[in-house]
Amino acid sequence: MTTASSLPVLLVAAPLAAVVPILLTGAHPNRREAWTMLAALLTVGLAAVTASAAAEGVVHESVLGSLVVGVPLAFRADALGALFALLASVLWLAASVYSVGYMRGLDEHHQTRYFAAFAASVGTTMGVALSANLLTLFVFYELLTVATYPLVTHHETAEARRAGRTYLAFTLSGGVAILAGIVVLYAVTGSVAFVAGGVPGLGTEPVLAGVAYALLVVGFGVKAALVPLHGWLPDAMVAPTPVSGLLHAVAVVKSGVFGLVRVVLFVFGAGTVRSLGLGTPLAVAAAVTMLVAGVLALRQDRLKRGLAYSTVSQLSYIVLGVALLTPAAVFGALVHLVAHAFMKITLFLCAGAIYVETGVQRVGEMGGIWRRLPATMTAFAVASAGLVGLPGVAGFVSKWYLVLGALEAGAAPFAATYLLAGLLKLLFLWPIVLIAYADRDAIAGFRPLPGGEGAPHAEDGGPLAEDGGPPGVEDDDGGRGWDRRTPLTESSWQLLVPLLATAAGALVLGVVPDATPFWDLAAAVTAEVFPGG
Amino acid sequence: MLDVLATAGPGVGLATAGPGVGLATAGPGVGLATAGPVEALADRAAYLVAVVLVGLGLHVVVADRNLLRKVVGLNLFQTGIFLVFVAAAARTGGRSPLVVGPDGGPYADPLPQVLVLTAIVVGVSVSALAAALVVRIDAEQGTVLADELDAGQREVTERE
Amino acid sequence: MSDAVVVLVALPVVAATVPPVVSRRVDGVGWPVAAAAATAQTALATWVGWRVLADGPLRTVVAGLPAVLGIELAVDRLSAAFVVLVAVAGLWGLAYTRRGGPRSAPGASLYLLLLAGLTGICVVRDVFTLYVFLEIAGLAAYALVALGDGRDAAPAALRYLLVGTVGASLYLLGVGYLYVATGALNMGVLADRLATVGYDDRLVLAAFVLVAVGLGVKIALFPVHTWKPDAYQAAPPGITAVLAALVSTVAAYALVRVVLAAFTGAFLAANPRLVAGLRAAAVLSIVAGALLALPQRRVRRLLAYSSVSQFGIAVAGLALGTRLGVLGGVVHLLGHAVMKAGAFAAAGTIEAGYDARTVDEFADAAAHQPVASAALATLVLGLVGIPPLVGFFGKWYVALSAVRTGAWATAAAVLLSTALSLAYFARLLQRLYLERREGRPTPAPVSTGMVASGVLAALAALGLGLASAELIAALRPAIEGVPP
């Protein structure tokens with residue numbers, strides 16, 4: 001049941017409206033941060049209302065005039081949109097609290113620009129999530145790129161600028177492909193609206209439909225980090241950690257995946273994709289990405305880069321699930337979209353906390369660090385377990401459905417791919433956990449695979465203190481072990497509470513997933529898209 | 001006078017003595033059909049001259065180093081174009097278009113001549129402005145040769 | 001009421017005579033007279049536009065003669081859009097030039113003559129009178145360029161003059177051929193007579209090519225664009241902004257008008273190869289303009305080459321020969337005028353306030369001139385084609401029409417132009433916000449008007465973008481004779 005309402009517009013506007021007050025209160029940090037928090041709370045509230053409505057089948061819709069002739073600027077909070085919006089808003093709240101601790105802990109410059117761009121990024125993500133048609137989605141998708149650029153290049157070093165240029169080049173080129181696909185689509189069908197089960201009329205022009213599909217997949221595949229379009233992501237790790245967490249868990253990459261889900265299930269529809277044979281190429285690309293990225297993660301010595309490759313791999317879990325076109329696989333993919341977000345943001349927030357508190361960025365230097373950061377590393381371990389797919393943490397449930405879905409589709413090789421990828425995750429994450437919990441001396445110099453990048457330097461080439469960490473932060477004084485700390489003293493509460501919260505979220509999703517709204521929403525989407533069951 | 005034009009306006013006038021028809025009945029067009037190549041060329045001499053002027057003028061504008069000569073070349077170019085207009089207006093046995101009585105025709109077409117008058121005025125203004133610019137360039141840079149002008153005007157294009 | 005059309009052209013002409021006369025007695029009279037005239041012009045243009053929207057086209061023939069004899073002036077929705085653009089841009093430019101630009105009496109006079117010539121082009125329905133107004137505007141533009149401060153101003157103006165006059169003369173020759181073929185100069189009469197003469201007549205085809213090339217010079221398509229970078233670099237910054245907004249834009253309008261009203265869509269339909277050639281020229285401009293922009297270090301030249309590329313998109317829209325394509329091209333013309341003018345104004349503000357000419361010198365401008373930099377960044381993103389700024393929408397309609405008609409190369413070029421624009425603008429954006437500059441700049445005074453003009457343009461770019469569908473709907477009735 002669709003109802004016209006301003007709820008979707010408000011949900012998009014809430015974060016965006018915060019941008020101006022943030023810019024204006026730049027000189028008063030506490031007031032400025034208050035605006036961010038206010039907007040984040042408001043957004044979560046609105047998202048919760050929207051999500052509960054969508055879970056009951058009430059779809060809120062706002063139409064704001066014509067975007068181009070024949071295509072409205074419209075928002076529609078259906079189950080899929082509400083799922084993404086809720087995810088983004090909840091994690092924004094966590095990331096915002098964390099950002100305060102992080103930016104102040106490192107005494108970062110340009111904090112006003114940072115928080116304003118953060119708010120703008122979330123706002124545009126909401127726009128992507130709640131778009132009612134491909135063109136509206138495209139508008140916000142491009143604006144998302146613009147909003148996140150200042151965040152990627154935040155540190156303004158040569159490396160950051162280069163990463164920013166790469167980011168722009170990849171994502172805007174992807175945007176060109178998406179636009180080309182939309183134009184072809186519109187020329188063929190006269191519609192770009194999202195319809196569960198697909199827009200009618202695509203089957204009549206298989207060649208053009210195929211061309212549009214290819215363009216859209218490649219275009220969205222850039223942000224969704226499908227190999228070989230993923231090149232921007234590891235370099236973008238040069239950004240401050242909350243940004244990496246946001247990019248990896250919430251906004252940019254999930255927007256790419258979201259776009260793919262919309263294209264496959266709501267523009268083309270499972271039936272058309274299957275009949276045009278377009279599902280298999282996508283599935284293969286996703287499988288390849290899964291394994292290649294999983295291997296590349298093993299070569300990384302810098303923690304964040306490794307997490308980046310792991311993200312590339314995990315995103316293709318979702319893409320493959322969608323490409324398999326069975327209810328179980330799609331359900332699993334959607335649950336994984338949420339699960340991965342919680343787990344990955346936890347890992348990134350931990351990495352950031354490690355950096356703020358000790359200046360360490362490389363796995364090789366993390367020996368025994370659990371003593372210094374017990375609660376943080378516990379959260380890290382929990383999240384890692386989830387990514388590997390151990391029961392009790394979020395990743396297990398989604399993996400279960402994905403493998404089930406693969407078998408259901410008669411694609412046993414893809415099921416095997418999932419399991420193999422899980423193994424690669426294990427190989428990547430387990431040594432890190434081991435190093436963190438083991439004695440420093442015993443594991444000095446351990447690395448899963450040779451590789452990595454030269455001498456340590458501070459995040460993104462910034463200034464280094466003599467002991468090799470960011471200036472003014474304590475270090476382990478060269479190899480005798482870390483200070484023991486308790487959870488109450490290991491780190492500032494702004495850093496610790498969010499990451500514990502997201503880790504707890506991952507646990508909840510693993511133990512009682514059906515108690516979360518995400519479960520119902522994912523089920524609703526699956527029901528919408530596969531009407532027969 | 002205006003009445004004459006109104007009732008037998010250019011549209012009609014042209015139909016009877018117009019370029020399309022005129023050329024066919026009393027103009028170079030007929031010459032082509034019946035006479036040899038030399039005669040054909042002779043009838044079209046004006047157009048040939050026009051082509052030469054246009055080509056020459058354009059060449060001077062592009063190739064000459066002296067800015068003032070470029071301006072002269074521009075004028076040659078424009079004159080060639082004007083000649084096309086005037087030649088197209090001409091009629092075999094036509095006289096200048098000042099109506100003296102009911103049986104004064106055939107007249108050359110007055111309209112292109114008027115157009116050319118306007119265009120000449122435009123051309124004069126352009127030439128005046130151009131000459132003023134050349135004088136200023138000479139005063140500022142001490143030369144009117146194009147290749148001696150400031151290197152600053154040339155495109156600054158370096159790779160990063 | 002249709003006298004209003006004549007007043008639209010006459011007002012700026014008459015106003016232009018005032019400053020040189022009055023300035024013999026009173027000083028500083030240039031800018032106020034220009035401002036008064038521009039305000040009146042804007043009011044009149046808006047009123048005319050509103051009337052046209054409500055009641056249909058306004059039409060008059062000078063001296064009351066029948067159209068076939070006299071000079072017809074008419075304002076339909078398409079003309080109204082450009083008449084309003086000229087008036088508003090003329091007024092807007094004065095906000096900049098109050099402090100930043102030429103304020104002398106001759107300068108003001110030339111400025112008003114420019115507006116008069118451009119408005120004349122927009123309302124005239126006679127191909128020869130179009131030439132006259134083209135040259136009026138051209139002369140004014142050449143002289144305005146020469147008002148620049150540097151030693152490069154006069155040579156740039158002369159080059160503009162030489163190239164521009166050659167172009168206008170080629171157009172004139174085309175007019176001559178049309179006259180020889182049909183005996184008519186009025187666009188409506190031409191349309192009828194060309195149908196009789198035949199669209200494959202060699203004289204007519206030659207006329208089309210000459211008209212297209214001649215106007216192409218004024219639009220600055222590749223390869224006859226060479227006057228633009230020098231002229232835009234050398235002119236006073238406020239003048240560059242107005243020239244960038246109006247001169248090539250109105251020339252492109254003239255091309256649309258002559259092709260649709262005189263030659264008509266039937267001619268286009270009968271000569272697919274010729275039209276394909278025009279499309280190819282447009283695509284060449286899109287690509288060549290972008291490639292030539294890449295190595296540019298001076299910001300104004302960068303923006304000038306960007307124009308070469310952008311006008312390729314607009315002409316490509318026309319060359320698709322469909323109503324959607326033409327409308328897309330027109331939207332792009334209007335949008336680009338706003339964006340490019342704003343970009344020049346914002347860049348000029350930074351030039352003055354931050355003593356910066358090259359891309360490298362613009363480094364860290366955002367810290368010193370935050371508002372102007374923000375405006376410049378927004379407008380640059382608009383030029384790249386980020387929605388919902390207006391630069392995206394013209395491309396959408398042109399690309400859509402290209403795909404629908406199977407013009408794949410055109411569609412690809414228009415879509416890729418986004419990536420190409422990014423390639424040459426990315427460095428500028430990066431410098432503005434992320435890099436530091438060596439050396440000490442010596443700033444010149446910057447007025448609120450200068451900054452405000454950039455901001456206004458950025459807001460207009462956003463507004464036009466969000467209203468693009470309404471704009472298309474409003475203009476659609478004016479585009480006739482071509483398939484949808």
# chains A, B, ... in the order shown; residues from 1 in each chain; ligands from 1

call {"tool": "residues_around", "arguments": {"residues": "Val126 of chain B", "least_positions_apart": "3", "cutoff": "8 Å", "atoms": "only C-alpha atoms", "output": "ChimeraX atom specification"}}
result
/B:122-123,129-130 /C:139,161,165

call {"tool": "residues_around", "arguments": {"residues": "segment 417-427 of chain A", "least_positions_apart": "4", "cutoff": "9 Å", "atoms": "only C-alpha atoms", "output": "list of chain:residue names"}}
result
A:Ala287, A:Val288, A:Met290, A:Leu291, A:Gly294, A:Val295, A:Ala297, A:Leu298, A:Ser310, A:Ser313, A:Gln314, A:Tyr317, A:Ser384, A:Ala385, A:Leu387, A:Val388, A:Gly389, A:Lys399, A:Leu402, A:Val403, A:Ala412, A:Pro413, A:Pro431, A:Pro448

call {"tool": "write_last_selection", "arguments": {"atoms": "N, CA, C and O atoms", "output": "mmCIF file, in the first residue's frame"}}
result
data_model
loop_
_atom_site.group_PDB
_atom_site.id
_atom_site.type_symbol
_atom_site.label_atom_id
_atom_site.label_comp_id
_atom_site.auth_asym_id
_atom_site.auth_seq_id
_atom_site.Cartn_x
_atom_site.Cartn_y
_atom_site.Cartn_z
ATOM 1 N N ALA A 287 32.218 -13.813 -8.332
ATOM 2 C CA ALA A 287 33.005 -14.910 -7.762
ATOM 3 C C ALA A 287 34.499 -14.642 -7.908
ATOM 4 O O ALA A 287 35.290 -14.854 -6.983
ATOM 5 N N VAL A 288 34.873 -14.168 -9.085
ATOM 6 C CA VAL A 288 36.283 -13.853 -9.322
ATOM 7 C C VAL A 288 36.758 -12.792 -8.339
ATOM 8 O O VAL A 288 37.819 -12.899 -7.717
ATOM 9 N N MET A 290 35.572 -12.093 -5.464
ATOM 10 C CA MET A 290 35.619 -12.659 -4.121
ATOM 11 C C MET A 290 36.961 -13.297 -3.835
ATOM 12 O O MET A 290 37.583 -13.074 -2.803
ATOM 13 N N LEU A 291 37.411 -14.107 -4.805
ATOM 14 C CA LEU A 291 38.630 -14.861 -4.565
ATOM 15 C C LEU A 291 39.877 -14.018 -4.756
ATOM 16 O O LEU A 291 40.802 -14.050 -3.941
ATOM 17 N N GLY A 294 40.209 -11.682 -1.938
ATOM 18 C CA GLY A 294 40.545 -12.428 -0.740
ATOM 19 C C GLY A 294 42.025 -12.745 -0.672
ATOM 20 O O GLY A 294 42.661 -12.652 0.388
ATOM 21 N N VAL A 295 42.606 -13.088 -1.825
ATOM 22 C CA VAL A 295 44.043 -13.372 -1.869
ATOM 23 C C VAL A 295 44.851 -12.098 -1.673
ATOM 24 O O VAL A 295 45.829 -12.059 -0.918
ATOM 25 N N ALA A 297 44.136 -9.558 -0.075
ATOM 26 C CA ALA A 297 44.107 -9.080 1.311
ATOM 27 C C ALA A 297 45.249 -9.676 2.109
ATOM 28 O O ALA A 297 45.774 -9.038 3.031
ATOM 29 N N LEU A 298 45.627 -10.878 1.727
ATOM 30 C CA LEU A 298 46.666 -11.563 2.490
ATOM 31 C C LEU A 298 48.021 -10.898 2.346
ATOM 32 O O LEU A 298 48.915 -11.091 3.153
ATOM 33 N N SER A 310 39.489 -6.924 1.894
ATOM 34 C CA SER A 310 38.482 -7.803 2.463
ATOM 35 C C SER A 310 37.086 -7.292 2.134
ATOM 36 O O SER A 310 36.175 -8.079 1.842
ATOM 37 N N SER A 313 36.112 -8.155 -1.335
ATOM 38 C CA SER A 313 35.697 -9.544 -1.391
ATOM 39 C C SER A 313 34.292 -9.738 -0.822
ATOM 40 O O SER A 313 33.452 -10.408 -1.417
ATOM 41 N N GLN A 314 34.029 -9.118 0.319
ATOM 42 C CA GLN A 314 32.741 -9.314 0.985
ATOM 43 C C GLN A 314 31.591 -8.716 0.185
ATOM 44 O O GLN A 314 30.479 -9.234 0.205
ATOM 45 N N TYR A 317 30.115 -11.046 -2.121
ATOM 46 C CA TYR A 317 29.177 -12.024 -1.561
ATOM 47 C C TYR A 317 27.755 -11.576 -1.911
ATOM 48 O O TYR A 317 26.904 -12.357 -2.319
ATOM 49 N N SER A 384 35.749 -10.217 13.511
ATOM 50 C CA SER A 384 36.492 -11.106 12.611
ATOM 51 C C SER A 384 35.814 -12.453 12.503
ATOM 52 O O SER A 384 35.698 -13.033 11.423
ATOM 53 N N ALA A 385 35.394 -12.942 13.674
ATOM 54 C CA ALA A 385 34.715 -14.229 13.664
ATOM 55 C C ALA A 385 33.503 -14.173 12.749
ATOM 56 O O ALA A 385 33.207 -15.115 12.011
ATOM 57 N N LEU A 387 33.030 -12.225 10.169
ATOM 58 C CA LEU A 387 33.384 -12.170 8.763
ATOM 59 C C LEU A 387 33.772 -13.538 8.228
ATOM 60 O O LEU A 387 33.519 -13.874 7.070
ATOM 61 N N VAL A 388 34.427 -14.294 9.090
ATOM 62 C CA VAL A 388 34.824 -15.631 8.664
ATOM 63 C C VAL A 388 33.590 -16.499 8.485
ATOM 64 O O VAL A 388 33.550 -17.392 7.646
ATOM 65 N N GLY A 389 32.585 -16.237 9.294
ATOM 66 C CA GLY A 389 31.353 -17.000 9.165
ATOM 67 C C GLY A 389 31.111 -17.929 10.335
ATOM 68 O O GLY A 389 30.361 -18.889 10.211
ATOM 69 N N LYS A 399 25.711 -16.035 5.421
ATOM 70 C CA LYS A 399 26.467 -17.011 4.652
ATOM 71 C C LYS A 399 25.623 -18.261 4.417
ATOM 72 O O LYS A 399 25.619 -18.851 3.343
ATOM 73 N N LEU A 402 23.187 -17.652 1.763
ATOM 74 C CA LEU A 402 23.835 -17.500 0.466
ATOM 75 C C LEU A 402 24.227 -18.853 -0.109
ATOM 76 O O LEU A 402 23.989 -19.149 -1.293
ATOM 77 N N VAL A 403 24.822 -19.694 0.733
ATOM 78 C CA VAL A 403 25.228 -21.011 0.250
ATOM 79 C C VAL A 403 23.990 -21.817 -0.134
ATOM 80 O O VAL A 403 23.952 -22.484 -1.174
ATOM 81 N N ALA A 412 26.478 -25.229 -7.688
ATOM 82 C CA ALA A 412 27.373 -25.705 -6.638
ATOM 83 C C ALA A 412 28.738 -25.037 -6.665
ATOM 84 O O ALA A 412 29.312 -24.749 -5.607
ATOM 85 N N PRO A 413 29.312 -24.760 -7.832
ATOM 86 C CA PRO A 413 30.614 -24.083 -7.831
ATOM 87 C C PRO A 413 30.575 -22.763 -7.059
ATOM 88 O O PRO A 413 31.526 -22.398 -6.382
ATOM 89 N N PRO A 431 45.494 -14.542 11.684
ATOM 90 C CA PRO A 431 46.821 -14.133 12.135
ATOM 91 C C PRO A 431 46.803 -12.788 12.853
ATOM 92 O O PRO A 431 47.565 -12.579 13.796
ATOM 93 N N PRO A 448 51.346 -13.082 6.924
ATOM 94 C CA PRO A 448 50.787 -14.254 6.244
ATOM 95 C C PRO A 448 51.427 -14.496 4.887
ATOM 96 O O PRO A 448 51.726 -15.587 4.501
#

call {"tool": "atom_distance", "arguments": {"atom1": "atom CA of Ile386 of chain C", "atom2": "atom CA of Ala120 of chain A"}}
result
15.4 Å

call {"tool": "residues_around", "arguments": {"residues": "segment 260-265 of chain C", "least_positions_apart": "2", "cutoff": "9 Å", "atoms": "only C-alpha atoms", "output": "list in words"}}
result
Arg125, Val127, Asn186, Met187, Gly188, Val189, Leu190, Ala191, Asp192, Leu194, Ala195, Tyr199, Val204, Phe208, Leu255, Val256, Arg257, Val258, Phe267, Leu268, Ala269, Ala270, Gly321, Thr322, Ile479, Glu480, Gly481, Val482 and Pro483 of chain C

call {"tool": "residues_around", "arguments": {"residues": "Leu428 of chain C", "least_positions_apart": "2", "cutoff": "12 Å", "atoms": "only C-alpha atoms", "output": "ChimeraX atom specification"}}
result
/A:165 /C:293-300,302-303,347,357-366,373,376-377,380-381,421-426,430-435

call {"tool": "atom_distance", "arguments": {"atom1": "atom CA of Gly105 of chain A", "atom2": "atom CA of Glu490 of chain A"}}
result
13.1 Å

call {"tool": "residues_around", "arguments": {"residues": "Leu173 of chain C", "least_positions_apart": "5", "cutoff": "8 Å", "atoms": "only C-alpha atoms", "output": "ChimeraX atom specification"}}
result
/B:81,84 /C:207,210-211
